[in-house]
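Peer 1: So here's run.txt, just compact mmCIF, C-alpha atoms and all ligand atoms:
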# COMPACT_ATOMS: atom_id res chain seq x y z
CA MET A 1 -4.18 6.42 -6.28
CA ALA A 2 -4.98 5.53 -9.84
CA ALA A 3 -2.16 5.30 -12.29
CA ALA A 4 -4.13 7.47 -14.74
CA VAL A 5 -3.25 10.52 -12.67
CA THR A 6 0.43 9.75 -12.08
CA ASP A 7 2.94 9.53 -14.88
CA ASP A 8 5.94 10.09 -12.62
CA VAL A 9 6.11 6.62 -11.02
CA PRO A 10 7.21 3.63 -13.15
CA PHE A 11 4.33 1.32 -12.30
CA ASP A 12 4.38 -2.38 -13.17
CA LYS A 13 0.89 -3.69 -13.92
CA THR A 14 1.95 -7.08 -15.21
CA PHE A 15 0.38 -9.97 -13.36
CA ASP A 16 0.29 -13.62 -14.31
CA LEU A 17 -1.21 -15.40 -11.31
CA VAL A 18 -4.55 -17.18 -11.52
CA PRO A 19 -6.83 -16.82 -8.46
CA ASP A 20 -6.21 -19.47 -5.84
CA GLN A 21 -3.44 -21.28 -7.77
CA PRO A 22 -0.10 -21.24 -5.96
CA LYS A 23 2.99 -20.11 -7.83
CA GLU A 24 6.60 -19.65 -6.77
CA VAL A 25 7.36 -15.89 -6.99
CA ALA A 26 10.82 -15.92 -5.37
CA PRO A 27 13.13 -18.71 -4.16
CA GLY A 28 11.36 -20.27 -1.19
CA VAL A 29 8.24 -18.11 -1.53
CA ARG A 30 4.94 -19.18 -3.08
CA ALA A 31 2.05 -16.77 -3.67
CA VAL A 32 -1.68 -17.48 -3.78
CA VAL A 33 -3.84 -14.57 -4.98
CA ALA A 34 -7.38 -14.29 -3.59
CA ASN A 35 -10.24 -13.77 -6.01
CA ASN A 36 -11.14 -10.27 -4.75
CA PRO A 37 -10.10 -7.96 -7.60
CA GLY A 38 -11.18 -4.32 -7.53
CA PRO A 39 -10.07 -0.69 -7.82
CA PHE A 40 -8.33 -0.86 -4.43
CA THR A 41 -7.12 -4.48 -4.54
CA PHE A 42 -5.94 -4.74 -8.19
CA LYS A 43 -6.10 -8.47 -9.11
CA GLY A 44 -6.71 -9.50 -5.51
CA THR A 45 -4.93 -9.87 -2.18
CA MET A 46 -1.61 -11.72 -2.22
CA SER A 47 -1.13 -14.43 0.41
CA TYR A 48 2.43 -15.76 0.63
CA ILE A 49 3.79 -19.12 1.80
CA LEU A 50 7.34 -18.93 3.11
CA GLY A 51 9.57 -22.03 3.23
CA ARG A 52 8.99 -25.72 2.56
CA GLY A 53 7.80 -28.42 4.94
CA LYS A 54 7.40 -26.19 7.97
CA VAL A 55 6.10 -22.94 6.56
CA ALA A 56 4.81 -19.48 7.43
CA ILE A 57 1.86 -17.75 5.78
CA VAL A 58 2.00 -13.99 5.26
CA ASP A 59 -1.45 -12.32 5.07
CA PRO A 60 -4.09 -15.10 4.94
CA GLY A 61 -6.36 -12.63 3.12
CA PRO A 62 -10.09 -11.92 3.11
CA ASP A 63 -12.69 -14.13 4.79
CA ASP A 64 -13.36 -16.05 1.58
CA ASP A 65 -13.87 -19.81 1.91
CA ALA A 66 -12.50 -20.55 -1.56
CA HIS A 67 -9.30 -18.68 -0.78
CA VAL A 68 -8.92 -20.35 2.64
CA ALA A 69 -9.44 -23.76 0.98
CA SER A 70 -6.85 -23.10 -1.71
CA LEU A 71 -4.31 -21.80 0.80
CA LEU A 72 -4.76 -24.93 2.90
CA ASP A 73 -4.58 -27.01 -0.28
CA ALA A 74 -1.29 -25.33 -1.21
CA VAL A 75 0.27 -26.40 2.12
CA ARG A 76 -1.18 -29.90 2.16
CA GLY A 77 1.37 -32.30 3.69
CA GLU A 78 3.26 -29.36 5.22
CA THR A 79 3.01 -27.77 8.68
CA VAL A 80 2.07 -24.12 9.03
CA THR A 81 3.97 -22.92 12.09
CA HIS A 82 3.59 -19.13 11.79
CA ILE A 83 1.11 -16.60 10.41
CA PHE A 84 2.32 -13.04 9.80
CA VAL A 85 -0.11 -10.16 9.21
CA THR A 86 1.05 -6.92 7.54
CA HIS A 87 -2.04 -4.93 8.58
CA THR A 88 -5.67 -5.39 9.53
CA HIS A 89 -7.64 -4.13 6.54
CA ARG A 90 -10.47 -6.47 5.60
CA ASP A 91 -8.71 -7.81 2.53
CA HIS A 92 -5.66 -9.04 4.53
CA SER A 93 -6.44 -10.48 7.97
CA PRO A 94 -10.04 -11.82 8.26
CA ALA A 95 -8.99 -15.31 7.05
CA VAL A 96 -6.63 -15.61 10.04
CA PRO A 97 -9.07 -17.41 12.42
CA LYS A 98 -9.86 -20.13 9.85
CA ILE A 99 -6.20 -20.71 8.90
CA LYS A 100 -5.22 -20.72 12.56
CA ALA A 101 -8.01 -23.15 13.45
CA ALA A 102 -6.95 -25.51 10.66
CA THR A 103 -3.21 -25.37 11.36
CA GLY A 104 -2.64 -24.29 14.98
CA ALA A 105 -0.11 -21.71 13.76
CA GLU A 106 0.91 -18.80 15.98
CA VAL A 107 -0.21 -15.37 14.76
CA PHE A 108 2.25 -12.46 14.64
CA ALA A 109 1.41 -8.79 13.93
CA GLU A 110 2.02 -5.32 15.27
CA GLY A 111 -1.30 -5.20 17.14
CA PRO A 112 -5.06 -4.67 16.81
CA HIS A 113 -6.62 -2.30 14.27
CA ARG A 114 -6.65 1.32 15.34
CA ALA A 115 -6.69 4.86 13.96
CA SER A 116 -3.53 6.80 13.19
CA ARG A 117 -4.71 9.81 15.17
CA PRO A 118 -7.51 10.83 17.59
CA ILE A 119 -10.97 10.18 16.14
CA HIS A 120 -13.12 13.16 15.06
CA ILE A 121 -16.86 13.21 14.36
CA GLY A 122 -17.63 11.19 11.24
CA ASP A 123 -14.45 9.07 11.41
CA THR A 124 -15.76 6.02 13.27
CA ARG A 125 -17.87 4.60 10.48
CA ARG A 126 -14.97 4.78 8.05
CA LEU A 127 -12.60 3.05 10.48
CA ASP A 128 -15.08 0.23 11.14
CA ALA A 129 -15.77 -0.23 7.43
CA SER A 130 -12.15 -0.77 6.48
CA GLY A 131 -10.77 -2.48 9.55
CA ASP A 132 -10.84 -6.05 10.86
CA MET A 133 -11.81 -4.89 14.35
CA ASP A 134 -11.84 -8.43 15.83
CA PHE A 135 -8.20 -9.18 15.00
CA ARG A 136 -5.75 -9.85 17.84
CA PRO A 137 -2.25 -11.34 17.31
CA ASP A 138 -0.99 -14.13 19.56
CA THR A 139 2.29 -12.27 19.68
CA ALA A 140 2.59 -8.51 19.16
CA LEU A 141 5.80 -7.52 17.38
CA LYS A 142 7.84 -4.39 17.84
CA ASP A 143 10.11 -2.73 15.31
CA GLY A 144 13.25 -4.80 14.79
CA ASP A 145 11.92 -7.98 16.40
CA THR A 146 13.00 -11.14 14.61
CA VAL A 147 11.09 -14.40 14.35
CA SER A 148 12.74 -17.57 13.09
CA GLY A 149 11.23 -20.69 11.56
CA ASP A 150 12.54 -23.69 9.66
CA GLY A 151 15.09 -22.17 7.29
CA TRP A 152 13.92 -18.57 7.46
CA THR A 153 14.19 -15.48 9.64
CA MET A 154 11.78 -12.57 9.49
CA GLU A 155 12.55 -9.09 10.78
CA ALA A 156 9.53 -6.96 11.71
CA ILE A 157 9.63 -3.38 10.40
CA THR A 158 6.93 -0.98 11.62
CA THR A 159 5.71 0.96 8.59
CA PRO A 160 2.64 3.00 9.63
CA GLY A 161 0.98 5.30 7.10
CA HIS A 162 -1.47 3.18 5.11
CA CYS A 163 -2.69 1.80 8.43
CA ALA A 164 -1.47 2.53 11.97
CA ASN A 165 -0.48 -1.09 12.64
CA HIS A 166 1.18 -1.71 9.27
CA MET A 167 4.22 -4.00 9.51
CA ALA A 168 6.60 -5.01 6.73
CA TYR A 169 8.70 -8.15 7.13
CA ALA A 170 12.23 -8.63 5.83
CA TYR A 171 12.94 -12.25 4.87
CA LYS A 172 16.62 -12.25 5.75
CA GLU A 173 17.79 -15.38 3.88
CA GLY A 174 15.88 -14.35 0.73
CA ASP A 175 17.07 -10.71 0.76
CA LEU A 176 13.54 -9.54 0.12
CA LEU A 177 10.82 -7.75 1.97
CA PHE A 178 7.11 -8.45 2.36
CA ALA A 179 5.84 -4.91 1.89
CA GLY A 180 2.09 -5.29 2.49
CA ASP A 181 0.22 -2.28 1.09
CA HIS A 182 2.96 0.19 1.98
CA VAL A 183 4.86 -0.18 -1.34
CA MET A 184 3.23 -1.81 -4.37
CA ALA A 185 4.37 -1.96 -8.00
CA TRP A 186 0.92 -1.51 -9.61
CA SER A 187 -0.18 1.68 -7.84
CA THR A 188 0.57 4.16 -5.12
CA THR A 189 -0.87 3.44 -1.67
CA ILE A 190 -4.13 4.76 -0.28
CA VAL A 191 -3.40 7.00 2.70
CA ALA A 192 -6.86 7.73 4.12
CA PRO A 193 -7.43 9.24 7.56
CA PRO A 194 -8.21 8.11 10.20
CA ASP A 195 -6.73 4.68 9.26
CA GLY A 196 -3.78 6.32 7.60
CA ALA A 197 -1.59 9.36 8.14
CA MET A 198 0.61 11.09 5.56
CA SER A 199 3.38 12.06 8.00
CA ASP A 200 3.68 8.41 9.11
CA TYR A 201 3.57 7.19 5.51
CA MET A 202 6.39 9.49 4.39
CA ALA A 203 8.52 8.56 7.41
CA SER A 204 7.95 4.86 6.63
CA LEU A 205 9.04 5.38 3.00
CA GLU A 206 12.22 7.11 4.20
CA LYS A 207 12.79 4.20 6.56
CA LEU A 208 12.56 1.62 3.75
CA ALA A 209 14.75 3.79 1.50
CA ARG A 210 17.60 3.20 3.98
CA ARG A 211 17.22 -0.60 3.81
CA PRO A 212 19.15 -2.91 1.48
CA GLU A 213 16.46 -5.33 0.19
CA PRO A 214 16.26 -5.05 -3.64
CA ILE A 215 12.92 -6.87 -4.07
CA TYR A 216 9.57 -6.34 -2.33
CA LEU A 217 6.63 -8.74 -2.40
CA PRO A 218 3.54 -6.54 -1.97
CA GLY A 219 -0.01 -7.09 -0.72
CA HIS A 220 -1.32 -6.67 -4.27
CA GLY A 221 0.22 -7.18 -7.69
CA ALA A 222 3.64 -8.18 -8.99
CA PRO A 223 6.94 -7.95 -7.09
CA VAL A 224 8.64 -4.56 -6.83
CA ARG A 225 12.06 -4.72 -8.54
CA ASP A 226 14.85 -2.21 -7.90
CA ALA A 227 13.00 -1.32 -4.74
CA GLN A 228 15.23 1.50 -3.45
CA ARG A 229 14.84 3.43 -6.69
CA TYR A 230 11.09 2.79 -6.73
CA VAL A 231 10.70 4.05 -3.15
CA GLN A 232 12.45 7.27 -4.19
CA PHE A 233 9.89 7.67 -7.00
CA LEU A 234 7.10 7.26 -4.45
CA ILE A 235 8.63 9.89 -2.14
CA ARG A 236 9.00 12.36 -5.01
CA HIS A 237 5.46 11.62 -6.19
CA ARG A 238 3.99 12.60 -2.79
CA GLN A 239 6.19 15.68 -2.60
CA GLY A 240 4.83 16.65 -6.04
CA ARG A 241 1.26 16.04 -4.89
CA GLU A 242 1.86 18.22 -1.84
CA ALA A 243 3.27 20.99 -4.04
CA SER A 244 0.16 20.80 -6.27
CA ILE A 245 -2.13 21.11 -3.24
CA LEU A 246 -0.17 24.12 -1.95
CA HIS A 247 -0.36 25.66 -5.43
CA ARG A 248 -4.17 25.29 -5.49
CA LEU A 249 -4.47 26.74 -1.98
CA GLY A 250 -2.35 29.68 -3.16
CA LYS A 251 -4.92 30.25 -5.90
CA GLY A 252 -7.64 30.48 -3.28
CA GLU A 253 -9.14 27.02 -3.74
CA ALA A 254 -10.09 26.16 -0.20
CA ASP A 255 -12.00 22.88 0.02
CA VAL A 256 -11.18 19.22 -0.62
CA PRO A 257 -13.59 18.56 -3.56
CA THR A 258 -12.31 21.61 -5.49
CA ILE A 259 -8.69 20.66 -4.91
CA VAL A 260 -9.32 17.02 -5.93
CA LYS A 261 -10.93 18.17 -9.18
CA ALA A 262 -7.93 20.37 -9.99
CA VAL A 263 -5.17 17.98 -8.91
CA TYR A 264 -6.45 14.54 -9.93
CA ILE A 265 -7.04 14.90 -13.67
CA GLY A 266 -8.69 11.89 -15.34
CA LEU A 267 -9.40 10.10 -12.08
CA ASP A 268 -11.35 6.82 -12.09
CA PRO A 269 -14.76 7.92 -10.66
CA ARG A 270 -14.62 4.97 -8.25
CA LEU A 271 -11.55 6.56 -6.66
CA VAL A 272 -12.86 10.11 -6.10
CA GLY A 273 -13.66 9.36 -2.44
CA ALA A 274 -10.20 7.93 -1.87
CA ALA A 275 -8.59 10.91 -3.62
CA GLY A 276 -10.49 13.20 -1.23
CA LEU A 277 -9.18 11.28 1.76
CA SER A 278 -5.65 11.28 0.34
CA THR A 279 -5.90 15.07 -0.07
CA LEU A 280 -7.17 15.31 3.50
CA ALA A 281 -4.14 13.27 4.61
CA HIS A 282 -1.83 15.82 2.96
CA LEU A 283 -3.78 18.70 4.51
CA GLU A 284 -3.57 17.14 7.99
CA ASP A 285 0.19 16.87 7.56
CA LEU A 286 0.47 20.46 6.29
CA VAL A 287 -1.65 21.77 9.18
CA ALA A 288 0.51 19.85 11.68
CA ARG A 289 3.60 21.47 10.13
CA GLY A 290 2.04 24.95 10.35
CA VAL A 291 2.06 25.50 6.57
CA VAL A 292 -1.73 25.40 6.19
CA ALA A 293 -4.49 26.59 8.53
CA THR A 294 -8.10 25.47 9.02
CA ASP A 295 -10.73 25.97 11.69
CA GLY A 296 -10.84 23.14 14.20
CA PRO A 297 -9.39 19.71 13.43
CA PRO A 298 -8.76 19.10 9.70
CA SER A 299 -11.84 17.50 8.16
CA ILE A 300 -13.05 16.41 4.75
CA SER A 301 -15.60 19.28 4.75
CA GLY A 302 -13.22 21.92 6.16
CA ARG A 303 -11.88 25.05 4.49
CA TYR A 304 -8.14 25.52 4.18
CA ARG A 305 -5.74 28.40 3.58
CA LEU A 306 -1.98 28.96 3.48
CA THR A 307 -0.54 30.44 6.64
CA GLU A 308 1.70 33.49 6.58
CA ARG A 309 4.69 31.39 7.62
CA PRO A 310 7.24 30.63 4.93
CA ARG A 311 6.98 27.04 3.76
CA GLY A 312 9.12 24.32 5.16
CA THR A 313 9.74 25.89 8.55
CA GLY A 314 7.21 23.67 10.32
ZN ZN B 401 -4.80 -4.43 0.75
Translate this structure into C-alpha cells?
Ligand SMILES: [Zn+2]

Peer 2:
Amino acid sequence: MAAAVTDDVPFDKTFDLVPDQPKEVAPGVRAVVANNPGPFTFKGTMSYILGRGKVAIVDPGPDDDAHVASLLDAVRGETVTHIFVTHTHRDHSPAVPKIKAATGAEVFAEGPHRASRPIHIGDTRRLDASGDMDFRPDTALKDGDTVSGDGWTMEAITTPGHCANHMAYAYKEGDLLFAGDHVMAWSTTIVAPPDGAMSDYMASLEKLARRPEPIYLPGHGAPVRDAQRYVQFLIRHRQGREASILHRLGKGEADVPTIVKAVYIGLDPRLVGAAGLSTLAHLEDLVARGVVATDGPPSISGRYRLTERPRGTG
C-alpha cells in the first residue's frame, strides 16, 4: 500500500537508475529497470543480470520492446543460460518469450499463473487482468531446489502471498536474495485476492525472517538493507492493520468501503481499489481463522461481523 498511510515501516524511496541503462547493484549483479513507472510499479520493474560471461536473467519484465532490446544490449557478447521468474504478473514475465527466443536460455519458475484460492463469482476478470496467463516454465521449481550456473548457485524459495506462484531466489555466493514483489524497500506489497492471500503472505514473511540473507534485491525499487529487521517491520505492520480492521468491525462498520475509509487515511485515490482488496485479504484470513463471520464466501461486497469466539483461538 501507499507509504502515505504507513509511518511504521522504514521505507527507502531512493532510486538512481535510469530506465534501460544497466548498473551494478551488488557484486556480480547488474540491474536494468524497465520504463513502466506507476503507483504499483514505483520507478518500473527491475530485471537483474546475474554473473559475467555466462549469465542468468531474473524477471525479464513487461512485454516492452525497448526494455527487451536494452536487456539484450546489456548482455551483448555474453551467453544467457538461465531465466528465473519470481512471479507471473504482467510487469514481470511477459518479456520471457522474446528473451528466450533471442538467447535460447532455459526458463525456471514455480509454475503457471493461478489463483491463491478457489475462484468466486467476479474473480476471473481480475485474475486475467493481472496475470500472464500464457506463461509456462521449462522447468518448474519446488521449494529448496537449487540451480547452478557459471559461478553462481540459486536456491528457490516458495513465497506465496502476493501471487500464488511467487518464488524468491537466494543467490548463495552473493549472500543476497532476489525478493520479487514479496519484500520491497519502497512500499508494502499488494495482497489482492484471488491472486494473493494474506495467510500465505504472512507465512512467507515468517519464512524469510528465519533466513540469513542481509540484502534483498526486489522487483521494484532500491535494495532492501538490513533485511531481517525490515521483514519484522512488515510483519508488525500487517498485524497492526489487522488490529485496525478488527477495531472497526467492533464499532459496527461492516463493509469493505467503510473500513477502507476509516483505516487508510490519506490514501492515494489511485490505490483505493487495491486497499479494498488488501482489506478483503485480511477479512478472508480472519474468516478462515473463525475470528470474523460473513455470509457465504468472503467477497468485496460482503458484510462482516466479529464472531463470539475470543480472538486468536482460530
Ligand atoms: Zn511487480

Peer 1: Could you pull out every residue with an atom within 6 Å of (-0.5, -3.6, 1.0), file coordinates, counting all atoms listed in the file, and send them as a PyMOL selection string?

Peer 2: chain A and resi 180-182+218-219

Peer 1: Find the residues around Pro298 of chain A up to 7 Å (all atoms listed in the file counted), leave out those fewer than 4 positions away in its own chain, and share them as a list of chain:residue names.

Peer 2: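 In the requested format, the answer is A:Glu284, A:Thr294, A:Gly302.
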
Peer 1: Just to be explicit: take each residue in the selection above, keep C-alpha atoms, and write the result as a PDB file, in the coordinates of the input.

Peer 2:
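And here's selection-v7.pdb as it stands now:
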ATOM      1  CA  GLU A 284      -3.570  17.140   7.990  1.00  0.00           C
ATOM      2  CA  THR A 294      -8.100  25.470   9.020  1.00  0.00           C
ATOM      3  CA  GLY A 302     -13.220  21.920   6.160  1.00  0.00           C
TER       4      GLY A 302
END

Peer 1: If I take atom CA of Asp64 of chain A and atom CA of Ala109 of chain A, how far is one from the other in Å, to one decimal?

Peer 2: 20.6 Å

Peer 1: What is the distance between atom CA of His113 of chain A and atom CA of Asp63 of chain A, in Å to one decimal?

Peer 2: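 We find that atom CA of His113 of chain A and atom CA of Asp63 of chain A lie 16.3 Å from each other.
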
Peer 1: Restricting the calculation to all atoms listed in the file, which member of A:Val183, A:Val263, A:Leu246, A:Met154 is positioned closest to ligand ZN 401 (chain B)?

Peer 2: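 Going through A:Val183, A:Val263, A:Leu246, A:Met154 one by one, the smallest distance to ligand ZN 401 (chain B) is for A:Val183.
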
Peer 1: With all atoms listed in the file as the atoms that count, which of A:Trp186, A:Tyr304, A:Phe42, A:Tyr201 lies nearest to ligand ZN 401 (chain B)?

Peer 2: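 Counting all atoms listed in the file, the residue closest to ligand ZN 401 (chain B) is A:Phe42.
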
Peer 1: Produce as a JSON list (two decimals) with C-alpha atoms, in the coordinates of the input the set of residues near ligand ZN 401 (chain B), where near means within 8 Å with all atoms listed in the file considered.

Peer 2:
[["chain", "number", "residue", "atom", "x", "y", "z"],
["A", 40, "PHE", "CA", -8.33, -0.86, -4.43],
["A", 41, "THR", "CA", -7.12, -4.48, -4.54],
["A", 45, "THR", "CA", -4.93, -9.87, -2.18],
["A", 89, "HIS", "CA", -7.64, -4.13, 6.54],
["A", 90, "ARG", "CA", -10.47, -6.47, 5.60],
["A", 91, "ASP", "CA", -8.71, -7.81, 2.53],
["A", 92, "HIS", "CA", -5.66, -9.04, 4.53],
["A", 180, "GLY", "CA", 2.09, -5.29, 2.49],
["A", 181, "ASP", "CA", 0.22, -2.28, 1.09],
["A", 219, "GLY", "CA", -0.01, -7.09, -0.72],
["A", 220, "HIS", "CA", -1.32, -6.67, -4.27]]

Peer 1: What gap, in Å, lies between atom CA of Leu286 of chain A and atom CA of Leu306 of chain A?

Peer 2: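 Rounded to one decimal, the two atoms are 9.3 Å apart.
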
Peer 1: Up to 12 Å from (4.1, 13.9, -4.5) in the file's coordinates: name the residues, counting all atoms listed in the file, as a count of residues only.

Peer 2: 31

Peer 1: With all atoms listed in the file as the atoms that count, which of A:Glu173, A:Glu106, A:Glu78, A:Asp150 lies nearest to Pro137 of chain A?

Peer 2: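 Of all the options, A:Glu106 lies closest to Pro137 of chain A.
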
Peer 1: Pick out the closest residue to Thr146 of chain A from this set: A:Ala197, A:Phe108, A:Thr81, A:Ile49. Count all atoms listed in the file.

Peer 2: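 Answer, going by the shortest atom-to-atom distance: A:Phe108.
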
Peer 1: Got a sec: who's within 10 Å of Val75 of chain A, counting all atoms listed in the file, leaving out chain neighbours fewer than 4 positions off, as an MDAnalysis selection string?

Peer 2: chainID A and resid 22 49 52:57 70:71 79:80 103

Peer 1: Give me the residues within 12 Å of Pro212 of chain A as an NGL selection string, counting only C-alpha atoms and dropping any in the same chain fewer than 2 places off.

Peer 2: :A and (170-172 or 174-177 or 207-210 or 214-216 or 226-229 or 231)

Peer 1: Looking at A:Val292, A:Ala140, A:Leu249, A:Ile190, which one is nearest to Ala275 of chain A, with distances taken over only C-alpha atoms?

Peer 2: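 So, comparing all the options, the nearest one is A:Ile190.
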
Peer 1: Name all residues at most 10 Å from Lys142 of chain A (count all atoms listed in the file; drop same-chain ones fewer than 2 positions away) and give them as a ChimeraX atom specification.

Peer 2: /A:109-111,139-140,144-146,155-158,167

Peer 1: Just the selected residues (C-alpha atoms), exported as a PDB file, keeping the file's coordinate frame, please.

Peer 2:
ATOM      1  CA  ALA A 109       1.410  -8.790  13.930  1.00  0.00           C
ATOM      2  CA  GLU A 110       2.020  -5.320  15.270  1.00  0.00           C
ATOM      3  CA  GLY A 111      -1.300  -5.200  17.140  1.00  0.00           C
ATOM      4  CA  THR A 139       2.290 -12.270  19.680  1.00  0.00           C
ATOM      5  CA  ALA A 140       2.590  -8.510  19.160  1.00  0.00           C
ATOM      6  CA  GLY A 144      13.250  -4.800  14.790  1.00  0.00           C
ATOM      7  CA  ASP A 145      11.920  -7.980  16.400  1.00  0.00           C
ATOM      8  CA  THR A 146      13.000 -11.140  14.610  1.00  0.00           C
ATOM      9  CA  GLU A 155      12.550  -9.090  10.780  1.00  0.00           C
ATOM     10  CA  ALA A 156       9.530  -6.960  11.710  1.00  0.00           C
ATOM     11  CA  ILE A 157       9.630  -3.380  10.400  1.00  0.00           C
ATOM     12  CA  THR A 158       6.930  -0.980  11.620  1.00  0.00           C
ATOM     13  CA  MET A 167       4.220  -4.000   9.510  1.00  0.00           C
TER      14      MET A 167
END

Peer 1: Could you name the residues that touch Ala74 of chain A at 10 Å or less, counting only C-alpha atoms, but leaving out those on the same chain fewer than 6 positions away, as a list in words?

Peer 2: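 After dropping sequence-adjacent residues, the list is Asp20, Gln21, Pro22, Lys23, Arg30, Ala31, Val32, Ile49 and Val68 of chain A.
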
Peer 1: Measuring atom to atom with all atoms listed in the file, identify which of A:His162, A:Arg76, A:Ser116, A:Gly290 is nearest to Ala102 of chain A.

Peer 2: A:Arg76

Peer 1: Is there a way to complete segment 27-34 of chain A with all heavy atoms and then write that out as a PDB file, in the coordinates of the input?

Peer 2:
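This went into out20.pdb:
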ATOM      1  N   PRO A  27      12.642 -17.452  -4.743  1.00  0.00           N
ATOM      2  CA  PRO A  27      13.130 -18.710  -4.160  1.00  0.00           C
ATOM      3  C   PRO A  27      12.596 -18.884  -2.734  1.00  0.00           C
ATOM      4  O   PRO A  27      12.783 -18.027  -1.879  1.00  0.00           O
ATOM      5  CB  PRO A  27      14.657 -18.523  -4.168  1.00  0.00           C
ATOM      6  CG  PRO A  27      14.913 -17.558  -5.285  1.00  0.00           C
ATOM      7  CD  PRO A  27      13.736 -16.618  -5.275  1.00  0.00           C
ATOM      8  N   GLY A  28      11.887 -19.992  -2.520  1.00  0.00           N
ATOM      9  CA  GLY A  28      11.360 -20.270  -1.190  1.00  0.00           C
ATOM     10  C   GLY A  28      10.075 -19.556  -0.840  1.00  0.00           C
ATOM     11  O   GLY A  28       9.592 -19.657   0.285  1.00  0.00           O
ATOM     12  N   VAL A  29       9.493 -18.833  -1.799  1.00  0.00           N
ATOM     13  CA  VAL A  29       8.240 -18.110  -1.530  1.00  0.00           C
ATOM     14  C   VAL A  29       7.208 -18.430  -2.608  1.00  0.00           C
ATOM     15  O   VAL A  29       7.454 -18.209  -3.794  1.00  0.00           O
ATOM     16  CB  VAL A  29       8.444 -16.581  -1.483  1.00  0.00           C
ATOM     17  CG1 VAL A  29       7.136 -15.892  -1.092  1.00  0.00           C
ATOM     18  CG2 VAL A  29       9.551 -16.202  -0.514  1.00  0.00           C
ATOM     19  N   ARG A  30       6.072 -18.974  -2.172  1.00  0.00           N
ATOM     20  CA  ARG A  30       4.940 -19.180  -3.080  1.00  0.00           C
ATOM     21  C   ARG A  30       3.871 -18.124  -2.808  1.00  0.00           C
ATOM     22  O   ARG A  30       3.717 -17.684  -1.671  1.00  0.00           O
ATOM     23  CB  ARG A  30       4.336 -20.570  -2.859  1.00  0.00           C
ATOM     24  CG  ARG A  30       5.175 -21.726  -3.372  1.00  0.00           C
ATOM     25  CD  ARG A  30       4.763 -23.055  -2.760  1.00  0.00           C
ATOM     26  NE  ARG A  30       5.297 -23.208  -1.413  1.00  0.00           N
ATOM     27  CZ  ARG A  30       4.922 -24.178  -0.568  1.00  0.00           C
ATOM     28  NH1 ARG A  30       3.986 -25.037  -0.919  1.00  0.00           N
ATOM     29  NH2 ARG A  30       5.468 -24.259   0.635  1.00  0.00           N
ATOM     30  N   ALA A  31       3.140 -17.724  -3.837  1.00  0.00           N
ATOM     31  CA  ALA A  31       2.050 -16.770  -3.670  1.00  0.00           C
ATOM     32  C   ALA A  31       0.737 -17.425  -4.095  1.00  0.00           C
ATOM     33  O   ALA A  31       0.710 -18.238  -5.019  1.00  0.00           O
ATOM     34  CB  ALA A  31       2.290 -15.525  -4.519  1.00  0.00           C
ATOM     35  N   VAL A  32      -0.330 -17.080  -3.387  1.00  0.00           N
ATOM     36  CA  VAL A  32      -1.680 -17.480  -3.780  1.00  0.00           C
ATOM     37  C   VAL A  32      -2.512 -16.188  -3.768  1.00  0.00           C
ATOM     38  O   VAL A  32      -2.633 -15.539  -2.734  1.00  0.00           O
ATOM     39  CB  VAL A  32      -2.297 -18.494  -2.789  1.00  0.00           C
ATOM     40  CG1 VAL A  32      -3.684 -18.916  -3.264  1.00  0.00           C
ATOM     41  CG2 VAL A  32      -1.391 -19.716  -2.622  1.00  0.00           C
ATOM     42  N   VAL A  33      -3.061 -15.807  -4.929  1.00  0.00           N
ATOM     43  CA  VAL A  33      -3.840 -14.570  -4.980  1.00  0.00           C
ATOM     44  C   VAL A  33      -5.316 -14.889  -4.752  1.00  0.00           C
ATOM     45  O   VAL A  33      -5.866 -15.838  -5.319  1.00  0.00           O
ATOM     46  CB  VAL A  33      -3.630 -13.804  -6.318  1.00  0.00           C
ATOM     47  CG1 VAL A  33      -4.062 -14.624  -7.526  1.00  0.00           C
ATOM     48  CG2 VAL A  33      -4.357 -12.459  -6.307  1.00  0.00           C
ATOM     49  N   ALA A  34      -5.953 -14.118  -3.867  1.00  0.00           N
ATOM     50  CA  ALA A  34      -7.380 -14.290  -3.590  1.00  0.00           C
ATOM     51  C   ALA A  34      -8.189 -13.712  -4.760  1.00  0.00           C
ATOM     52  O   ALA A  34      -7.724 -12.840  -5.489  1.00  0.00           O
ATOM     53  CB  ALA A  34      -7.759 -13.577  -2.297  1.00  0.00           C
TER      54      ALA A  34
END
